[in-house]
file final-v8.csv (CSV, C-alpha atoms and all ligand atoms)
chain,number,residue,atom,x,y,z
A,1,MET,CA,26.9,-15.9,-14.5
A,2,SER,CA,25.2,-19.2,-13.6
A,3,ALA,CA,26.8,-22.6,-13.9
A,4,PHE,CA,24.5,-23.2,-16.8
A,5,PHE,CA,26.2,-20.7,-19.0
A,6,ALA,CA,29.5,-22.3,-18.3
A,7,SER,CA,28.2,-25.9,-19.1
A,8,ASP,CA,28.4,-27.7,-22.3
A,9,GLY,CA,24.8,-27.1,-23.4
A,10,GLY,CA,23.3,-30.6,-22.7
A,11,VAL,CA,19.6,-31.4,-21.9
A,12,GLY,CA,19.9,-30.2,-18.4
A,13,ALA,CA,21.3,-27.0,-19.7
A,14,GLN,CA,18.4,-26.5,-22.1
A,15,ARG,CA,15.9,-27.1,-19.2
A,16,GLU,CA,17.8,-24.5,-17.2
A,17,GLU,CA,17.7,-22.1,-20.2
A,18,ASP,CA,14.0,-22.6,-20.6
A,19,ALA,CA,13.4,-22.0,-16.9
A,20,ILE,CA,15.4,-18.7,-17.1
A,21,LYS,CA,13.4,-17.6,-20.2
A,22,ASN,CA,10.1,-18.5,-18.5
A,23,ARG,CA,11.0,-16.4,-15.4
A,24,ALA,CA,11.9,-13.5,-17.6
A,25,SER,CA,8.7,-13.7,-19.6
A,26,ASP,CA,6.7,-14.1,-16.3
A,27,SER,CA,8.3,-11.0,-15.0
A,28,ARG,CA,7.3,-9.1,-18.2
A,29,HIS,CA,3.8,-10.4,-17.9
A,30,ALA,CA,3.7,-9.3,-14.2
A,31,ARG,CA,4.8,-5.8,-15.3
A,32,ARG,CA,2.1,-5.6,-18.0
A,33,VAL,CA,-0.6,-6.8,-15.5
A,34,VAL,CA,0.4,-4.1,-13.0
A,35,GLU,CA,0.8,-1.3,-15.6
A,36,GLU,CA,-2.5,-2.0,-17.3
A,37,GLY,CA,-4.2,-2.5,-14.0
A,38,TYR,CA,-3.1,0.8,-12.5
A,39,ASN,CA,-3.8,2.7,-15.7
A,40,ARG,CA,-7.4,1.6,-15.2
A,41,ILE,CA,-7.7,1.9,-11.4
A,42,ALA,CA,-5.7,5.0,-10.7
A,43,GLN,CA,-8.8,7.0,-9.6
A,44,ALA,CA,-10.4,4.1,-7.7
A,45,TYR,CA,-7.1,3.6,-5.8
A,46,ALA,CA,-7.0,7.3,-5.0
A,47,ARG,CA,-10.5,7.0,-3.4
A,48,LEU,CA,-9.5,3.9,-1.3
A,49,GLU,CA,-8.1,5.8,1.7
A,50,GLY,CA,-11.3,6.4,3.5
A,51,GLU,CA,-12.1,8.3,6.7
A,52,ILE,CA,-9.3,6.5,8.7
A,53,ASP,CA,-5.9,7.8,7.6
A,54,TRP,CA,-3.4,5.2,6.6
A,55,PRO,CA,-0.1,5.0,8.5
A,56,ARG,CA,1.9,6.3,5.4
A,57,MET,CA,2.1,10.0,6.3
A,58,ARG,CA,3.1,9.2,9.9
A,59,TRP,CA,6.0,7.1,8.7
A,60,LEU,CA,6.9,9.7,6.1
A,61,GLN,CA,7.1,12.3,8.9
A,62,LYS,CA,9.6,10.1,10.8
A,63,LEU,CA,11.8,10.3,7.7
A,64,VAL,CA,11.3,14.0,6.9
A,65,ASN,CA,12.2,14.9,10.5
A,66,ARG,CA,15.7,13.5,9.8
A,67,LEU,CA,16.3,15.3,6.5
A,68,GLU,CA,17.9,18.7,5.9
A,69,PRO,CA,15.6,21.1,3.9
A,70,GLY,CA,16.3,20.8,0.2
A,71,SER,CA,17.1,17.1,0.3
A,72,SER,CA,16.7,14.9,-2.7
A,73,ILE,CA,14.1,12.1,-2.4
A,74,LEU,CA,13.3,9.3,-4.8
A,75,ASP,CA,9.8,7.7,-4.7
A,76,LEU,CA,9.6,4.2,-6.3
A,77,GLY,CA,6.1,3.4,-7.4
A,78,CYS,CA,5.0,7.0,-6.7
A,79,GLY,CA,1.5,6.6,-8.0
A,80,SER,CA,-0.3,10.0,-8.4
A,81,GLY,CA,2.1,11.7,-6.0
A,82,VAL,CA,-0.8,12.2,-3.5
A,83,PRO,CA,-0.3,12.5,-0.6
A,84,ALA,CA,3.4,11.6,0.0
A,85,ASP,CA,5.1,13.6,-2.8
A,86,VAL,CA,2.9,16.6,-2.3
A,87,GLU,CA,4.1,16.8,1.3
A,88,ILE,CA,7.8,16.1,0.4
A,89,ALA,CA,7.8,18.8,-2.3
A,90,LYS,CA,7.0,21.5,0.3
A,91,GLN,CA,10.6,21.2,1.6
A,92,HIS,CA,12.5,18.9,-0.6
A,93,ARG,CA,13.2,17.9,-4.2
A,94,VAL,CA,11.2,14.8,-5.3
A,95,THR,CA,11.8,12.4,-8.2
A,96,GLY,CA,9.1,9.7,-8.8
A,97,VAL,CA,9.1,6.6,-10.9
A,98,ASP,CA,5.9,4.7,-11.8
A,99,VAL,CA,5.2,1.9,-14.3
A,100,SER,CA,1.7,3.4,-15.0
A,101,GLN,CA,1.6,6.3,-17.4
A,102,THR,CA,-1.8,7.3,-16.0
A,103,GLN,CA,-0.3,7.6,-12.5
A,104,ILE,CA,2.7,9.6,-13.9
A,105,ASP,CA,0.3,12.0,-15.7
A,106,PHE,CA,-1.5,12.6,-12.4
A,107,ALA,CA,1.7,13.0,-10.4
A,108,ARG,CA,3.0,15.6,-12.9
A,109,ARG,CA,-0.2,17.6,-12.4
A,110,ASN,CA,-0.4,17.1,-8.6
A,111,VAL,CA,3.3,17.9,-7.9
A,112,PRO,CA,4.4,20.4,-10.6
A,113,THR,CA,7.9,20.9,-9.0
A,114,GLY,CA,8.6,17.1,-9.0
A,115,CYS,CA,10.4,15.1,-11.7
A,116,PHE,CA,8.3,12.1,-12.7
A,117,LEU,CA,9.5,9.3,-14.9
A,118,HIS,CA,7.4,6.6,-16.5
A,119,GLY,CA,9.5,3.4,-15.9
A,120,ASP,CA,10.1,0.3,-13.9
A,121,ALA,CA,11.5,0.6,-10.4
A,122,ALA,CA,13.5,-2.6,-11.0
A,123,THR,CA,15.3,-1.4,-14.1
A,124,VAL,CA,15.4,2.4,-13.9
A,125,GLU,CA,18.9,3.8,-13.8
A,126,PHE,CA,20.3,6.6,-11.6
A,127,ALA,CA,23.9,7.7,-10.9
A,128,ALA,CA,25.5,6.6,-7.6
A,129,ASP,CA,25.1,9.0,-4.7
A,130,SER,CA,22.0,10.7,-6.3
A,131,PHE,CA,19.6,10.8,-3.4
A,132,ASP,CA,19.4,11.5,0.4
A,133,ALA,CA,16.4,9.2,0.8
A,134,VAL,CA,14.5,6.6,-1.1
A,135,ILE,CA,10.9,5.8,-0.3
A,136,SER,CA,8.5,3.2,-1.7
A,137,PHE,CA,5.0,2.8,-0.4
A,138,TYR,CA,2.6,-0.1,-1.3
A,139,ALA,CA,4.6,-0.8,-4.5
A,140,LEU,CA,7.2,-3.5,-3.9
A,141,GLU,CA,4.5,-6.2,-3.5
A,142,HIS,CA,3.7,-5.6,-7.2
A,143,ILE,CA,7.2,-6.6,-8.3
A,144,PRO,CA,8.4,-10.3,-8.4
A,145,ARG,CA,9.9,-11.0,-5.0
A,146,ASN,CA,13.0,-12.7,-6.5
A,147,GLU,CA,13.9,-9.1,-7.7
A,148,HIS,CA,13.6,-7.5,-4.3
A,149,ALA,CA,17.2,-8.1,-3.1
A,150,THR,CA,18.6,-6.6,-6.3
A,151,ILE,CA,16.3,-3.6,-6.1
A,152,LEU,CA,17.5,-3.0,-2.5
A,153,ARG,CA,21.2,-3.2,-3.6
A,154,ARG,CA,20.5,-0.7,-6.4
A,155,ILE,CA,18.8,1.7,-4.0
A,156,TYR,CA,21.9,1.4,-1.7
A,157,LYS,CA,24.1,2.5,-4.6
A,158,TRP,CA,21.9,5.5,-5.5
A,159,LEU,CA,21.9,6.8,-1.9
A,160,ARG,CA,24.5,9.2,-0.6
A,161,ALA,CA,26.5,8.3,2.5
A,162,GLU,CA,24.1,7.5,5.4
A,163,GLY,CA,21.1,8.0,3.2
A,164,PHE,CA,17.7,6.8,4.4
A,165,LEU,CA,15.3,4.1,3.1
A,166,LEU,CA,11.6,4.0,4.0
A,167,ILE,CA,9.5,1.1,2.7
A,168,GLY,CA,5.8,0.3,3.3
A,169,MET,CA,4.7,-2.9,1.8
A,170,GLU,CA,2.2,-5.6,2.4
A,171,ALA,CA,3.1,-7.8,5.4
A,172,GLY,CA,2.1,-11.0,3.6
A,173,GLU,CA,3.9,-13.9,1.9
A,174,TYR,CA,2.9,-14.4,-1.7
A,175,ASP,CA,4.9,-16.2,-4.4
A,176,ASP,CA,4.0,-14.4,-7.6
A,177,VAL,CA,0.2,-14.6,-7.7
A,178,ILE,CA,-2.4,-12.7,-9.8
A,179,GLY,CA,-5.6,-11.9,-8.1
A,180,GLU,CA,-8.5,-9.5,-8.6
A,181,TRP,CA,-8.1,-6.1,-7.0
A,182,LEU,CA,-10.4,-3.1,-7.4
A,183,GLY,CA,-12.0,-4.9,-10.3
A,184,VAL,CA,-8.8,-5.6,-12.4
A,185,PRO,CA,-6.3,-8.5,-12.4
A,186,MET,CA,-3.3,-7.5,-10.2
A,187,PHE,CA,0.0,-9.2,-9.6
A,188,PHE,CA,1.3,-9.6,-6.0
A,189,SER,CA,4.6,-11.0,-4.7
A,190,CYS,CA,6.3,-10.6,-1.3
A,191,PHE,CA,8.4,-12.3,1.3
A,192,ASP,CA,7.4,-12.4,5.0
A,193,PRO,CA,8.5,-9.5,7.2
A,194,GLU,CA,11.5,-11.3,8.7
A,195,THR,CA,12.9,-12.2,5.3
A,196,MET,CA,12.4,-8.6,4.2
A,197,LYS,CA,14.4,-7.4,7.2
A,198,HIS,CA,17.1,-9.8,6.4
A,199,LEU,CA,17.3,-8.6,2.8
A,200,ILE,CA,17.5,-5.0,4.0
A,201,ASP,CA,20.4,-5.9,6.2
A,202,GLU,CA,22.2,-7.9,3.5
A,203,ALA,CA,21.8,-5.0,1.1
A,204,GLY,CA,23.9,-2.8,3.5
A,205,PHE,CA,21.2,-1.0,5.6
A,206,GLY,CA,20.9,-0.7,9.3
A,207,LEU,CA,17.3,-0.9,10.5
A,208,LEU,CA,16.2,2.1,12.6
A,209,GLU,CA,12.6,1.2,13.1
A,210,SER,CA,10.0,-1.3,11.9
A,211,ALA,CA,6.4,-2.3,12.6
A,212,VAL,CA,3.5,-4.1,11.1
A,213,GLU,CA,0.4,-1.9,11.1
A,214,VAL,CA,-3.1,-2.8,9.9
A,215,GLN,CA,-4.9,-0.3,7.7
A,216,ALA,CA,-8.5,-0.1,6.4
A,217,GLU,CA,-9.1,-0.6,2.7
A,218,GLY,CA,-12.8,-0.3,2.1
A,219,SER,CA,-14.3,-3.2,4.2
A,220,HIS,CA,-10.9,-5.0,4.5
A,221,GLU,CA,-8.2,-4.6,7.1
A,222,VAL,CA,-4.7,-5.2,5.6
A,223,PRO,CA,-1.4,-5.5,7.5
A,224,TYR,CA,1.6,-3.6,6.1
A,225,LEU,CA,5.2,-3.8,7.0
A,226,TRP,CA,7.0,-0.5,7.6
A,227,LEU,CA,10.8,-0.3,7.5
A,228,LEU,CA,12.9,2.8,8.2
A,229,ALA,CA,16.6,2.1,7.6
A,230,ARG,CA,19.9,3.9,7.0
A,231,LYS,CA,22.7,3.1,4.6
A,232,ARG,CA,25.6,1.7,6.7
A,233,PRO,CA,28.9,3.4,6.0
A,234,GLY,CA,31.6,1.4,4.2
A,235,GLU,CA,29.5,-1.1,2.4
A,236,LYS,CA,29.9,-1.8,-1.3
A,237,GLY,CA,26.3,-2.3,-2.4
A,238,THR,CA,26.5,-4.0,-5.8
A,239,ALA,CA,23.6,-4.2,-8.2
B,1,LIG,C1,-0.8,0.9,-4.4
B,1,LIG,S1,-0.1,2.1,-5.5
B,1,LIG,C2,0.9,3.1,-4.4
B,1,LIG,C3,1.1,4.5,-4.9
B,1,LIG,C4,1.8,5.4,-3.9
B,1,LIG,N1,3.1,5.0,-3.6
B,1,LIG,C5,0.9,5.6,-2.7
B,1,LIG,O1,1.6,5.7,-1.6
B,1,LIG,O2,-0.3,5.7,-2.7
B,1,LIG,C6,1.2,1.1,-6.2
B,1,LIG,C7,2.0,1.9,-7.3
B,1,LIG,O3,3.2,1.2,-7.7
B,1,LIG,C8,3.3,1.2,-9.1
B,1,LIG,N2,4.2,0.1,-9.5
B,1,LIG,C9,4.0,-1.2,-9.4
B,1,LIG,N3,5.0,-1.9,-9.9
B,1,LIG,C10,5.9,-1.0,-10.3
B,1,LIG,C11,7.2,-1.1,-10.9
B,1,LIG,N4,7.7,-2.3,-11.2
B,1,LIG,N5,7.9,0.0,-11.2
B,1,LIG,C12,7.3,1.3,-10.9
B,1,LIG,N6,6.1,1.4,-10.4
B,1,LIG,C13,5.4,0.3,-10.0
B,1,LIG,C14,1.9,1.1,-9.6
B,1,LIG,O4,1.8,1.5,-10.9
B,1,LIG,C15,1.1,2.0,-8.6
B,1,LIG,O5,1.1,3.3,-9.0
call {"tool": "encode", "arguments": {"input": "final-v8.csv", "output": "structure tokens", "more": "lines below"}}
Ligand SMILES: C[S@@+](CC[C@H](N)C(=O)[O-])C[C@H]1O[C@@H](n2cnc3c(N)ncnc32)[C@H](O)[C@@H]1O
result
Amino acid sequence: MSAFFASDGGVGAQREEDAIKNRASDSRHARRVVEEGYNRIAQAYARLEGEIDWPRMRWLQKLVNRLEPGSSILDLGCGSGVPADVEIAKQHRVTGVDVSQTQIDFARRNVPTGCFLHGDAATVEFAADSFDAVISFYALEHIPRNEHATILRRIYKWLRAEGFLLIGMEAGEYDDVIGEWLGVPMFFSCFDPETMKHLIDEAGFGLLESAVEVQAEGSHEVPYLWLLARKRPGEKGTA
């Protein structure tokens, strides 16, 4: 609990309280922008990967090669389940979470054996030791960056001993901005790659491999940070 809650409730305390309320409502606004945005652009997004394949499936293969058949994988911000969860479901059990109901509807159709939940990756609950791996591709940058450390600690708790984490996210540095993307307003927020690596380490993961790779999105080239990490034994990982 912050010092504010322990204080006597003076003017400074009120300002602090207002700031906390504003942050909370900003975060709800960010969710709404993302949810409404992806409900509208789910199909336009699906068409974005053009003739040049994105690095996503190559990184997914690095993870899948390390897993026993029948492993349990959680995909945060799963989108329509194409292509990653379709591939995962050939050998493993997949659970997906997405804040967009439209994306979840597509995912249920595209990956009938998967379990797909309409929810927020930052607040969804799973029991400790539920998964052998957690992946999140192109989604963390749509969640306020001041929540990223907490999300990583929650992932740590959900993973079994020595479980894997694979993240692909924009290699930019944005402090909660709303811009236009594929014709709709969209929220973006992320730390620079070095800070992200530090957060991964602090959450209790050992980094196995990382790289920044540029991918083509229509006429744009966008750099993405890829991080493959493994839960270090003996860490506590508190949410
Ligand atoms: C760029 S798409 C990526 C979809 C998929 N992971 C892929 O590889 O193509 C980003 C997805 O993250 C979802 N998303 C964004 N913020 C989220 C949140 N807080 N909780 C759950 N899903 C979220 C969006 O609805 C969208 O489907």
call {"tool": "closest_atom_pairs", "arguments": {"input": "final-v8.csv", "of": "chain A", "to": "ligand LIG 1 (chain B)", "cutoff": "8 Å", "atoms": "only C-alpha atoms and all ligand atoms", "output": "JSON lines"}}
result
{"residue": "A:Arg31", "atom": "CA", "partner": "B:LIG1", "partner_atom": "N4", "distance": 6.1}
{"residue": "A:Val34", "atom": "CA", "partner": "B:LIG1", "partner_atom": "C9", "distance": 5.9}
{"residue": "A:Glu35", "atom": "CA", "partner": "B:LIG1", "partner_atom": "O4", "distance": 5.6}
{"residue": "A:Gly37", "atom": "CA", "partner": "B:LIG1", "partner_atom": "O4", "distance": 7.8}
{"residue": "A:Tyr38", "atom": "CA", "partner": "B:LIG1", "partner_atom": "O4", "distance": 5.2}
{"residue": "A:Asn39", "atom": "CA", "partner": "B:LIG1", "partner_atom": "O4", "distance": 7.5}
{"residue": "A:Ala42", "atom": "CA", "partner": "B:LIG1", "partner_atom": "O5", "distance": 7.2}
{"residue": "A:Tyr45", "atom": "CA", "partner": "B:LIG1", "partner_atom": "C1", "distance": 7.0}
{"residue": "A:Ala46", "atom": "CA", "partner": "B:LIG1", "partner_atom": "O2", "distance": 7.3}
{"residue": "A:Arg56", "atom": "CA", "partner": "B:LIG1", "partner_atom": "O1", "distance": 7.0}
{"residue": "A:Asp75", "atom": "CA", "partner": "B:LIG1", "partner_atom": "N1", "distance": 7.3}
{"residue": "A:Leu76", "atom": "CA", "partner": "B:LIG1", "partner_atom": "C12", "distance": 5.9}
{"residue": "A:Gly77", "atom": "CA", "partner": "B:LIG1", "partner_atom": "N6", "distance": 3.6}
{"residue": "A:Cys78", "atom": "CA", "partner": "B:LIG1", "partner_atom": "N1", "distance": 4.1}
{"residue": "A:Gly79", "atom": "CA", "partner": "B:LIG1", "partner_atom": "O5", "distance": 3.5}
{"residue": "A:Ser80", "atom": "CA", "partner": "B:LIG1", "partner_atom": "C3", "distance": 6.7}
{"residue": "A:Gly81", "atom": "CA", "partner": "B:LIG1", "partner_atom": "C4", "distance": 6.6}
{"residue": "A:Val82", "atom": "CA", "partner": "B:LIG1", "partner_atom": "O2", "distance": 6.6}
{"residue": "A:Pro83", "atom": "CA", "partner": "B:LIG1", "partner_atom": "O2", "distance": 7.1}
{"residue": "A:Ala84", "atom": "CA", "partner": "B:LIG1", "partner_atom": "O1", "distance": 6.4}
{"residue": "A:Val97", "atom": "CA", "partner": "B:LIG1", "partner_atom": "C12", "distance": 5.6}
{"residue": "A:Asp98", "atom": "CA", "partner": "B:LIG1", "partner_atom": "N6", "distance": 3.6}
{"residue": "A:Val99", "atom": "CA", "partner": "B:LIG1", "partner_atom": "N6", "distance": 4.0}
{"residue": "A:Ser100", "atom": "CA", "partner": "B:LIG1", "partner_atom": "O4", "distance": 4.5}
{"residue": "A:Gln103", "atom": "CA", "partner": "B:LIG1", "partner_atom": "O5", "distance": 5.7}
{"residue": "A:His118", "atom": "CA", "partner": "B:LIG1", "partner_atom": "C12", "distance": 7.7}
{"residue": "A:Gly119", "atom": "CA", "partner": "B:LIG1", "partner_atom": "C12", "distance": 5.9}
{"residue": "A:Asp120", "atom": "CA", "partner": "B:LIG1", "partner_atom": "N5", "distance": 3.5}
{"residue": "A:Ala121", "atom": "CA", "partner": "B:LIG1", "partner_atom": "N5", "distance": 3.7}
{"residue": "A:Ala122", "atom": "CA", "partner": "B:LIG1", "partner_atom": "N4", "distance": 5.8}
{"residue": "A:Ser136", "atom": "CA", "partner": "B:LIG1", "partner_atom": "N1", "distance": 6.0}
{"residue": "A:Phe137", "atom": "CA", "partner": "B:LIG1", "partner_atom": "N1", "distance": 4.3}
{"residue": "A:Tyr138", "atom": "CA", "partner": "B:LIG1", "partner_atom": "C1", "distance": 4.7}
{"residue": "A:Ala139", "atom": "CA", "partner": "B:LIG1", "partner_atom": "O3", "distance": 4.0}
{"residue": "A:Leu140", "atom": "CA", "partner": "B:LIG1", "partner_atom": "N3", "distance": 6.6}
{"residue": "A:Glu141", "atom": "CA", "partner": "B:LIG1", "partner_atom": "N3", "distance": 7.7}
{"residue": "A:His142", "atom": "CA", "partner": "B:LIG1", "partner_atom": "N3", "distance": 4.8}
{"residue": "A:Ile143", "atom": "CA", "partner": "B:LIG1", "partner_atom": "N4", "distance": 5.2}
call {"tool": "closest_residue", "arguments": {"input": "final-v8.csv", "among": "A:Asp53, A:Glu68, A:Glu125, A:Glu209", "to": "Ile167 in chain A", "atoms": "all atoms listed in the file"}}
result
A:Glu209
call {"tool": "closest_residue", "arguments": {"input": "final-v8.csv", "among": "A:Met186, A:Ile151, A:Ile135, A:Val214", "to": "Lys62 in chain A", "atoms": "all atoms listed in the file"}}
result
A:Ile135
call {"tool": "atom_distance", "arguments": {"input": "final-v8.csv", "atom1": "CA of Ala211 in chain A", "atom2": "CA of Glu180 in chain A"}}
result
26.9 Å
call {"tool": "residues_around", "arguments": {"input": "final-v8.csv", "residues": "Lys231 in chain A", "least_positions_apart": "6", "cutoff": "8 Å", "atoms": "all atoms listed in the file", "output": "mmCIF file with C-alpha atoms, in the frame of the given file"}}
result
data_model
loop_
_atom_site.group_PDB
_atom_site.id
_atom_site.type_symbol
_atom_site.label_atom_id
_atom_site.label_comp_id
_atom_site.auth_asym_id
_atom_site.auth_seq_id
_atom_site.Cartn_x
_atom_site.Cartn_y
_atom_site.Cartn_z
ATOM 1 C CA TYR A 156 21.900 1.400 -1.700
ATOM 2 C CA LEU A 159 21.900 6.800 -1.900
ATOM 3 C CA ALA A 161 26.500 8.300 2.500
ATOM 4 C CA GLU A 162 24.100 7.500 5.400
ATOM 5 C CA GLY A 163 21.100 8.000 3.200
ATOM 6 C CA PHE A 164 17.700 6.800 4.400
ATOM 7 C CA LEU A 165 15.300 4.100 3.100
ATOM 8 C CA GLY A 204 23.900 -2.800 3.500
ATOM 9 C CA PHE A 205 21.200 -1.000 5.600
ATOM 10 C CA GLY A 206 20.900 -0.700 9.300
#
call {"tool": "atom_distance", "arguments": {"input": "final-v8.csv", "atom1": "CA of Asp175 in chain A", "atom2": "CA of Gly50 in chain A"}}
result
28.9 Å
call {"tool": "residues_around", "arguments": {"input": "final-v8.csv", "residues": "Arg108 in chain A", "least_positions_apart": "4", "cutoff": "10 Å", "atoms": "all atoms listed in the file", "output": "ChimeraX atom specification"}}
result
/A:80-81,96,103-104,112-117
call {"tool": "atom_distance", "arguments": {"input": "final-v8.csv", "atom1": "CA of Pro193 in chain A", "atom2": "CA of Gly172 in chain A"}}
result
7.5 Å
call {"tool": "closest_residue", "arguments": {"input": "final-v8.csv", "among": "A:Pro144, A:Pro69, A:Pro55, A:Gly183", "to": "Val222 in chain A", "atoms": "all atoms listed in the file"}}
result
A:Pro55
call {"tool": "closest_residue", "arguments": {"input": "final-v8.csv", "among": "A:His220, A:Lys90, A:Lys197, A:Arg28", "to": "Trp181 in chain A", "atoms": "all atoms listed in the file"}}
result
A:His220
call {"tool": "residues_around", "arguments": {"input": "final-v8.csv", "residues": "Arg160 in chain A", "least_positions_apart": "5", "cutoff": "7 Å", "atoms": "only C-alpha atoms", "output": "list in words"}}
result
Asp129, Ser130, Phe131 and Asp132 of chain A
call {"tool": "closest_residue", "arguments": {"input": "final-v8.csv", "among": "A:Ile200, A:Ile52, A:Gln43, A:Val33", "to": "Glu217 in chain A", "atoms": "only C-alpha atoms"}}
result
A:Ile52
call {"tool": "closest_residue", "arguments": {"input": "final-v8.csv", "among": "A:Thr150, A:Ser189, A:Gln215, A:Asn65", "to": "Ala30 in chain A", "atoms": "all atoms listed in the file"}}
result
A:Ser189
call {"tool": "residues_around", "arguments": {"input": "final-v8.csv", "residues": "Phe126 in chain A", "least_positions_apart": "5", "cutoff": "9 Å", "atoms": "only C-alpha atoms", "output": "PDB file with C-alpha atoms, keeping the file's coordinate frame"}}
result
ATOM      1  CA  ARG A 154      20.500  -0.700  -6.400  1.00  0.00           C
ATOM      2  CA  LYS A 157      24.100   2.500  -4.600  1.00  0.00           C
ATOM      3  CA  TRP A 158      21.900   5.500  -5.500  1.00  0.00           C
TER       4      TRP A 158
END
